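Pasting my_file.txt here (compact mmCIF, C-alpha atoms):
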```
# COMPACT_ATOMS: atom_id res chain seq x y z
CA MET A 57 -9.17 -0.12 11.81
CA SER A 58 -5.91 -1.92 11.90
CA SER A 59 -4.72 -3.04 15.27
CA GLN A 60 -1.19 -1.88 15.47
CA VAL A 61 0.82 -2.43 18.60
CA THR A 62 3.98 -0.43 18.90
CA ILE A 63 6.73 -1.74 21.10
CA THR A 64 9.59 0.34 22.44
CA GLU A 65 12.87 -0.21 20.77
CA ALA A 66 15.31 -2.42 22.60
CA PRO A 67 18.41 -0.70 23.95
CA PRO A 68 21.68 -1.32 22.11
CA GLY A 69 23.24 -4.63 23.10
CA ILE A 70 24.51 -7.97 21.88
CA GLU A 71 21.84 -10.23 20.57
CA GLY A 72 22.17 -13.90 19.76
CA GLN A 73 20.23 -17.11 19.63
CA GLY A 74 18.10 -17.02 22.76
CA PHE A 75 19.93 -14.30 24.63
CA PHE A 76 20.32 -10.56 24.70
CA ALA A 77 23.01 -8.77 26.66
CA THR A 78 22.90 -5.08 27.50
CA LYS A 79 23.55 -2.69 30.36
CA LEU A 80 21.39 -2.91 33.46
CA ASP A 81 21.02 0.88 33.48
CA GLN A 82 19.34 0.80 30.13
CA VAL A 83 16.96 -2.01 30.98
CA VAL A 84 15.94 -0.36 34.22
CA GLY A 85 15.59 2.98 32.45
CA LEU A 86 13.43 1.40 29.76
CA ALA A 87 11.16 -0.15 32.35
CA ARG A 88 10.93 2.99 34.44
CA LYS A 89 10.28 5.40 31.64
CA ASN A 90 7.37 3.43 30.25
CA SER A 91 5.61 2.95 33.54
CA ILE A 92 5.60 6.37 35.19
CA TRP A 93 3.02 6.81 37.92
CA PRO A 94 2.21 10.51 38.02
CA LEU A 95 0.91 12.34 41.05
CA PRO A 96 -1.22 15.26 39.84
CA PHE A 97 -0.89 18.29 42.10
CA ALA A 98 -3.47 20.37 40.29
CA THR A 99 -4.51 23.70 41.77
CA SER A 100 -6.00 25.64 38.86
CA CYS A 101 -6.61 25.85 35.12
CA CYS A 102 -3.54 23.82 34.13
CA GLY A 103 -5.18 21.01 36.08
CA ILE A 104 -8.18 21.22 33.76
CA GLU A 105 -5.84 20.80 30.80
CA PHE A 106 -4.33 17.82 32.57
CA MET A 107 -7.77 16.22 32.91
CA SER A 108 -8.07 16.52 29.17
CA THR A 109 -4.59 15.07 28.79
CA MET A 110 -5.58 12.03 30.81
CA SER A 111 -8.87 11.55 28.98
CA SER A 112 -9.47 9.49 25.89
CA HIS A 113 -8.73 12.09 23.22
CA TYR A 114 -5.12 12.79 24.22
CA ASP A 115 -4.72 9.73 26.42
CA LEU A 116 -1.56 9.94 28.45
CA ALA A 117 -2.01 6.19 29.04
CA ARG A 118 -0.32 5.63 25.68
CA PHE A 119 2.91 6.57 27.42
CA GLY A 120 2.47 4.09 30.26
CA SER A 121 1.12 6.69 32.66
CA GLU A 122 -2.48 5.55 32.91
CA ARG A 123 -2.21 4.86 36.60
CA LEU A 124 -2.48 8.12 38.50
CA SER A 125 -1.22 7.79 42.00
CA PHE A 126 -3.06 9.86 44.56
CA THR A 127 -0.60 9.02 47.27
CA PRO A 128 2.92 10.42 47.05
CA ARG A 129 4.33 7.17 48.44
CA GLN A 130 3.66 5.29 45.22
CA ALA A 131 4.28 8.06 42.71
CA ASP A 132 7.29 8.54 40.44
CA LEU A 133 6.43 11.86 38.86
CA LEU A 134 5.06 14.90 40.65
CA MET A 135 3.11 17.02 38.17
CA VAL A 136 2.59 20.48 39.63
CA MET A 137 -0.12 22.22 37.66
CA GLY A 138 -1.32 25.64 38.64
CA THR A 139 -0.61 28.59 40.88
CA ILE A 140 1.10 27.66 44.11
CA ALA A 141 0.35 30.18 46.82
CA LYS A 142 3.02 30.74 49.41
CA LYS A 143 0.75 29.17 51.95
CA MET A 144 0.60 26.05 49.77
CA GLY A 145 4.41 25.86 49.51
CA PRO A 146 5.01 23.76 52.65
CA VAL A 147 2.26 21.37 51.56
CA LEU A 148 3.87 20.88 48.16
CA ARG A 149 7.23 20.38 49.77
CA GLN A 150 5.87 17.79 52.11
CA VAL A 151 4.28 15.91 49.21
CA TYR A 152 7.66 15.92 47.47
CA GLU A 153 9.45 14.72 50.59
CA GLN A 154 7.01 11.85 50.97
CA MET A 155 7.71 10.53 47.47
CA ALA A 156 10.09 7.61 47.28
CA GLU A 157 13.27 7.77 45.20
CA PRO A 158 13.62 7.89 42.27
CA ARG A 159 11.29 10.86 41.82
CA TRP A 160 10.87 13.47 39.14
CA VAL A 161 9.06 16.78 39.04
CA ILE A 162 7.41 18.55 36.14
CA ALA A 163 6.20 22.15 36.48
CA VAL A 164 3.25 22.60 34.15
CA GLY A 165 2.35 26.13 33.11
CA ALA A 166 3.65 29.61 33.76
CA CYS A 167 2.47 29.81 37.37
CA ALA A 168 4.19 26.65 38.56
CA SER A 169 7.33 27.55 36.61
CA SER A 170 7.70 31.21 37.54
CA GLY A 171 4.64 32.54 39.32
CA GLY A 172 3.21 33.58 35.96
CA ILE A 173 1.14 36.72 35.93
CA PHE A 174 0.78 36.61 39.70
CA ASP A 175 3.80 38.66 40.71
CA THR A 176 2.35 39.37 44.10
CA TYR A 177 2.81 38.90 47.81
CA SER A 178 0.77 35.73 48.09
CA VAL A 179 2.10 33.62 45.22
CA LEU A 180 5.24 31.51 45.15
CA GLN A 181 7.39 32.75 42.27
CA GLY A 182 8.08 29.32 40.81
CA ILE A 183 8.07 25.97 42.57
CA ASP A 184 11.81 25.63 41.96
CA LEU A 185 12.27 27.88 44.98
CA ILE A 186 11.23 25.00 47.22
CA ILE A 187 11.69 21.75 45.28
CA PRO A 188 13.97 20.75 42.38
CA VAL A 189 12.23 20.67 38.99
CA ASP A 190 13.23 18.45 36.05
CA VAL A 191 11.04 19.76 33.23
CA TYR A 192 9.20 23.04 32.79
CA VAL A 193 6.21 23.19 30.46
CA PRO A 194 5.47 26.74 29.25
CA GLY A 195 2.00 27.99 28.47
CA CYS A 196 -0.89 29.67 30.23
CA PRO A 197 -2.35 27.12 30.34
CA PRO A 198 -0.38 24.75 28.10
CA ARG A 199 -2.31 22.62 25.65
CA PRO A 200 -2.49 18.88 26.32
CA GLU A 201 0.03 18.33 23.51
CA GLN A 202 2.52 20.45 25.44
CA ILE A 203 1.92 18.51 28.64
CA ILE A 204 2.44 15.28 26.73
CA ASP A 205 5.64 16.71 25.31
CA GLY A 206 6.76 17.56 28.84
CA VAL A 207 6.07 13.99 29.95
CA MET A 208 8.07 12.73 26.95
CA ARG A 209 11.01 14.92 28.00
CA ILE A 210 10.70 13.37 31.47
CA GLN A 211 10.76 9.95 29.78
CA ASP A 212 13.98 10.90 28.02
CA LEU A 213 15.50 11.91 31.34
CA ILE A 214 14.37 8.73 33.04
CA GLY A 215 15.57 6.51 30.19
CA LYS A 216 19.04 8.00 30.28
CA GLU A 217 19.42 8.20 34.03
CA SER A 218 22.04 6.01 35.63
CA ILE A 219 20.65 3.83 38.38
CA ARG A 220 23.42 5.15 40.61
CA ARG A 221 22.61 8.81 40.01
CA ARG A 222 20.61 9.18 43.20
CA ASN A 223 23.68 8.12 45.20
CA SER A 224 25.97 10.62 43.50
CA ASP A 225 27.51 13.54 45.32
CA GLU A 226 25.99 15.91 42.79
CA TYR A 227 22.49 14.70 43.58
CA LYS A 228 23.11 14.81 47.32
CA GLN A 229 24.35 18.35 46.94
CA LEU A 230 21.19 19.28 45.05
CA MET A 231 19.06 17.89 47.86
CA GLU A 232 21.26 19.74 50.32
CA GLU A 233 20.63 23.00 48.48
CA TYR A 234 16.91 22.54 48.90
CA MET A 235 17.46 21.34 52.48
CA ILE A 236 15.64 18.10 51.75
CA ARG A 237 17.07 15.30 53.87
CA MET B 26 -42.32 48.78 57.59
CA VAL B 27 -40.71 51.38 55.40
CA VAL B 28 -38.55 54.11 56.83
CA ASN B 29 -36.62 56.82 55.11
CA HIS B 30 -33.15 57.97 55.99
CA GLU B 31 -34.33 60.96 57.99
CA ASP B 32 -36.32 58.66 60.29
CA ILE B 33 -33.31 56.49 60.93
CA ILE B 34 -31.07 59.49 61.53
CA SER B 35 -33.46 61.12 63.97
CA HIS B 36 -34.11 57.82 65.73
CA ILE B 37 -30.37 57.42 66.25
CA LYS B 38 -30.10 61.00 67.41
CA ASP B 39 -32.83 60.45 70.00
CA ASN B 40 -31.40 57.25 71.40
CA VAL B 41 -27.64 57.30 70.96
CA GLY B 42 -26.90 60.97 70.51
CA ASP B 43 -25.45 63.07 67.77
CA VAL B 44 -22.94 60.53 66.55
CA LEU B 45 -23.54 60.37 62.80
CA LYS B 46 -21.76 62.49 60.24
CA VAL B 47 -23.85 61.76 57.17
CA ILE B 48 -22.08 61.57 53.84
CA PRO B 49 -24.31 62.38 50.84
CA ASP B 50 -24.84 59.59 48.36
CA ASP B 51 -26.63 59.40 45.05
CA TYR B 52 -27.52 55.75 45.15
CA GLY B 53 -29.97 55.59 48.03
CA VAL B 54 -27.75 54.13 50.71
CA LEU B 55 -27.41 55.82 54.07
CA ILE B 56 -23.69 56.45 54.55
CA ALA B 57 -22.29 57.95 57.69
CA GLU B 58 -19.00 58.46 59.43
CA VAL B 59 -18.82 57.57 63.10
CA SER B 60 -16.08 58.21 65.61
CA VAL B 61 -14.18 55.16 66.81
CA HIS B 62 -15.38 55.71 70.38
CA GLN B 63 -19.05 55.59 69.46
CA VAL B 64 -19.19 52.93 66.78
CA TYR B 65 -19.67 50.00 69.14
CA LYS B 66 -22.43 51.73 71.02
CA LEU B 67 -24.16 52.74 67.80
CA ILE B 68 -24.04 49.33 66.11
CA SER B 69 -25.02 47.62 69.33
CA PHE B 70 -28.07 49.90 69.50
CA LEU B 71 -29.01 49.29 65.87
CA PHE B 72 -28.70 45.53 66.39
CA LYS B 73 -30.81 45.44 69.54
CA ASP B 74 -33.41 48.06 68.64
CA LEU B 75 -36.73 46.25 68.26
CA ASN B 76 -38.02 48.55 65.53
CA TYR B 77 -34.94 48.37 63.39
CA LYS B 78 -33.15 45.07 64.05
CA PHE B 79 -30.07 45.57 61.92
CA ASN B 80 -29.33 41.91 62.39
CA ILE B 81 -26.92 41.16 59.52
CA LEU B 82 -23.36 42.30 59.18
CA VAL B 83 -23.15 42.17 55.40
CA ASP B 84 -19.56 43.28 55.03
CA LEU B 85 -16.68 44.63 57.01
CA CYS B 86 -13.58 45.80 55.24
CA GLY B 87 -10.57 48.04 55.56
CA VAL B 88 -9.40 50.99 53.52
CA HIS B 89 -6.19 52.98 53.47
CA TYR B 90 -5.94 56.68 52.56
CA PRO B 91 -2.27 57.58 53.06
CA ASP B 92 -2.87 61.30 52.42
CA ARG B 93 -5.45 61.83 55.14
CA LYS B 94 -3.31 62.68 58.12
CA GLY B 95 -4.52 61.31 61.42
CA GLU B 96 -7.21 59.15 59.83
CA GLU B 97 -5.26 57.03 57.39
CA LEU B 98 -6.92 53.71 58.06
CA GLY B 99 -10.61 53.10 57.84
CA VAL B 100 -13.06 50.34 58.57
CA VAL B 101 -16.32 50.20 56.64
CA TYR B 102 -19.30 48.33 58.01
CA HIS B 103 -22.35 47.39 55.97
CA ILE B 104 -25.23 46.41 58.22
CA GLN B 105 -28.57 45.24 56.96
CA SER B 106 -31.99 45.20 58.53
CA MET B 107 -34.14 42.36 57.23
CA SER B 108 -37.37 43.88 58.56
CA LEU B 109 -36.68 47.38 57.19
CA ARG B 110 -35.19 46.03 53.97
CA THR B 111 -32.51 48.65 54.17
CA ARG B 112 -28.86 48.89 54.92
CA ILE B 113 -26.45 51.39 56.43
CA ARG B 114 -22.83 51.89 55.55
CA LEU B 115 -20.79 53.12 58.50
CA LYS B 116 -17.22 54.34 58.25
CA VAL B 117 -14.70 54.60 61.04
CA PHE B 118 -11.29 56.21 60.63
CA VAL B 119 -8.27 55.76 62.86
CA PRO B 120 -4.68 57.04 62.73
CA ILE B 121 -2.13 54.59 61.31
CA GLU B 122 0.03 54.90 64.42
CA LYS B 123 -2.76 53.57 66.62
CA PRO B 124 -5.07 51.49 64.41
CA GLU B 125 -7.40 50.28 67.13
CA VAL B 126 -11.10 49.66 66.57
CA PRO B 127 -13.51 47.83 68.88
CA SER B 128 -14.36 44.33 67.75
CA LEU B 129 -17.95 43.56 66.80
CA THR B 130 -17.63 39.86 67.58
CA GLY B 131 -19.80 40.37 70.66
CA ILE B 132 -22.66 41.54 68.43
CA TYR B 133 -22.23 39.67 65.14
CA ALA B 134 -20.59 36.26 64.97
CA ALA B 135 -19.90 37.01 61.32
CA ALA B 136 -17.48 39.73 62.37
CA ASN B 137 -14.95 37.18 63.56
CA TRP B 138 -13.44 36.16 60.21
CA MET B 139 -14.04 39.53 58.54
CA GLU B 140 -12.08 41.28 61.27
CA ARG B 141 -9.31 38.73 60.97
CA GLU B 142 -9.17 39.40 57.23
CA THR B 143 -9.09 43.16 57.77
CA TYR B 144 -6.32 42.73 60.31
CA ASP B 145 -4.47 40.45 57.90
CA PHE B 146 -4.45 42.97 55.05
CA TYR B 147 -4.47 46.35 56.81
CA GLY B 148 -3.09 45.67 60.28
CA ILE B 149 -6.13 47.15 62.00
CA LEU B 150 -6.31 45.87 65.56
CA PHE B 151 -9.78 44.88 66.68
CA LEU B 152 -9.84 45.22 70.43
CA GLY B 153 -11.73 42.41 72.12
CA HIS B 154 -11.46 39.97 69.22
CA PRO B 155 -11.09 36.42 70.56
CA ASN B 156 -8.49 35.26 68.04
CA LEU B 157 -6.97 38.08 66.02
CA VAL B 158 -4.49 36.19 63.82
CA ARG B 159 -3.95 36.11 60.08
CA ILE B 160 -6.57 34.23 58.11
CA LEU B 161 -5.61 34.30 54.42
CA ASN B 162 -1.92 35.09 54.23
CA MET B 163 0.81 32.89 55.58
CA ASP B 164 1.51 33.25 59.28
CA GLU B 165 5.17 34.18 58.70
CA MET B 166 4.21 37.35 56.85
CA ILE B 167 5.17 40.55 58.66
CA ASP B 168 3.69 43.13 56.25
CA PHE B 169 0.11 44.19 55.71
CA PRO B 170 -0.09 43.85 51.94
CA MET B 171 -3.11 46.03 51.14
CA ARG B 172 -1.55 49.14 52.64
CA LYS B 173 -0.46 51.56 49.95
CA GLU B 174 3.19 51.58 50.96
CA PHE B 175 3.44 47.86 50.24
CA PRO B 176 5.22 47.44 46.87
CA LEU B 177 3.22 45.82 44.08
CA GLU B 178 6.19 43.77 42.93
CA ASP B 179 8.89 42.20 45.03
CA PRO B 180 11.79 44.70 44.84
CA LYS B 181 14.33 41.97 45.61
CA ARG B 182 13.80 39.89 42.51
CA ARG B 183 16.34 40.17 39.72
CA ASP B 184 14.88 37.94 37.02
CA LYS B 185 12.76 40.65 35.43
CA GLU B 186 15.54 43.11 34.65
CA ASP B 187 15.83 44.42 31.12
CA PHE B 188 19.07 42.73 30.16
CA HIS B 189 17.44 39.31 30.46
CA PHE B 190 15.21 40.33 27.58
CA GLY B 191 17.83 42.11 25.40
CA ARG B 192 16.53 45.59 26.21
```
Structure re-expressed in structure tokens:
Amino acid sequence: MSSQVTITEAPPGIEGQGFFATKLDQVVGLARKNSIWPLPFATSCCGIEFMSTMSSHYDLARFGSERLSFTPRQADLLMVMGTIAKKMGPVLRQVYEQMAEPRWVIAVGACASSGGIFDTYSVLQGIDLIIPVDVYVPGCPPRPEQIIDGVMRIQDLIGKESIRRRNSDEYKQLMEEYMIR
Amino acid sequence: MVVNHEDIISHIKDNVGDVLKVIPDDYGVLIAEVSVHQVYKLISFLFKDLNYKFNILVDLCGVHYPDRKGEELGVVYHIQSMSLRTRIRLKVFVPIEKPEVPSLTGIYAAANWMERETYDFYGILFLGHPNLVRILNMDEMIDFPMRKEFPLEDPKRRDKEDFHFGR
């Protein structure tokens, strides 16, 4: 086996003897996107797929996400996997509110995205009714490859995000819409 | 001790009175309808009776028959006697306007959560229950979702209409 280490490409910039100049946004984005700490909020079968995603065969650690954070205070990415009952809604919302900025949310599977097959009185019809969602992963449940693809889409978002985005009026308005202070 | 259904029925008749309306059943379970005024007395007797000792409340659930006027809502009790190795299924029906049934919490501790669940889904009020609040659904809910008039799908949602799918 050859030991091959892949390194992320450097952002565009001016390179010279002993220096490299680029935008701060891009450097911060590069650092953030390759060191996401996910918080798994797993309630059902999508959570089982996530366990597989984290394990050695699919190995989400290859994307810099090997460190699962089981406290929302230290997490960057909230991964909601599984059916969210209406009774669970306030819990999920509180977990989101406890996360520090910047924070991202990925809804894994049909239930988290839209309620899935459970169009009924007890199930929340998509977590985007209570918290903003960045990436939706379809599937019932999605395969680990799809979850990894969702995380890569999150990485794209993070890499391109301006470090001032969270101060923008647009973002504040979004939080206002969800009545998150 | 082995008893057959006739023994149980006559024993009840001797001690509690003519309260049972037996419903025939092909599967060997004694099923009977009881009026709401006599159900507490009957179950209390069956629990305390030293020969029978129906000491386990196996199940307690609700049922809704919207077409049966005056007895729309029902409560079904399954009680088991460990010594007789037999069980009885008792049914109580109440009108939907006044869904009031005596609570069995004074006899069986197990009735507490089962009655809360039945209240949660059918809105049957168990008189004398120490804490009759919702147990499974969210507290903010105002409907009783297992009643037949409750819609299966949320009528307010618009994201399932045909034009979203090109139909």
Residue contacts of Ser69 in chain B (9 Å, all atoms listed in the file) excluding same-chain residues fewer than 4 positions away, as an mmCIF file with C-alpha atoms, in the frame of the given file:
```
data_model
loop_
_atom_site.group_PDB
_atom_site.id
_atom_site.type_symbol
_atom_site.label_atom_id
_atom_site.label_comp_id
_atom_site.auth_asym_id
_atom_site.auth_seq_id
_atom_site.Cartn_x
_atom_site.Cartn_y
_atom_site.Cartn_z
ATOM 1 C CA VAL B 64 -19.190 52.930 66.780
ATOM 2 C CA TYR B 65 -19.670 50.000 69.140
ATOM 3 C CA LYS B 73 -30.810 45.440 69.540
ATOM 4 C CA ASP B 74 -33.410 48.060 68.640
ATOM 5 C CA LEU B 129 -17.950 43.560 66.800
ATOM 6 C CA ILE B 132 -22.660 41.540 68.430
#
```
Notebook entry, point to check: What's the 9 Å shell around range 202-210 of chain A, counting only C-alpha atoms, without same-chain residues fewer than 4 positions away, as a list in words?
Noted result: Lys89, Glu105, Phe106, Thr109, Tyr114, Leu116, Phe119, Leu133, Trp160, Val161, Ile162, Ala163, Val164, Gly165, Asp190, Val191, Tyr192, Val193, Pro194, Gly195, Pro198, Ile214 and Gly215 of chain A
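With only C-alpha atoms as the atoms that count, the residue of A:Pro188, A:Gly120, A:Gly85, A:Gly138 with the shortest distance to Ile236 in chain A is A:Pro188.
The point (21.2, 2.8, 37.8) has these residues within 8 Å of it when only C-alpha atoms are used: Leu80, Asp81, Val84, Gly85, Glu217, Ser218, Ile219, Arg220 and Arg221 of chain A.
Across A:Ala168, A:Leu180, A:Leu148, A:Cys101, the tightest approach to Pro128 in chain A is made by A:Leu148 when counting only C-alpha atoms.
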Margin query: Should the cut-off be 9 Å, what would the residue list for chain B against chain A look like, counting all atoms listed in the file, as a PyMOL selection string?
Written below: chain B and resi 161-164+170+176-179
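You can rank A:Asp115, A:Glu153, A:Glu65, A:Asp184 by their closest distance to Ala131 in chain A using only C-alpha atoms, and at the top of that list sits A:Glu153.
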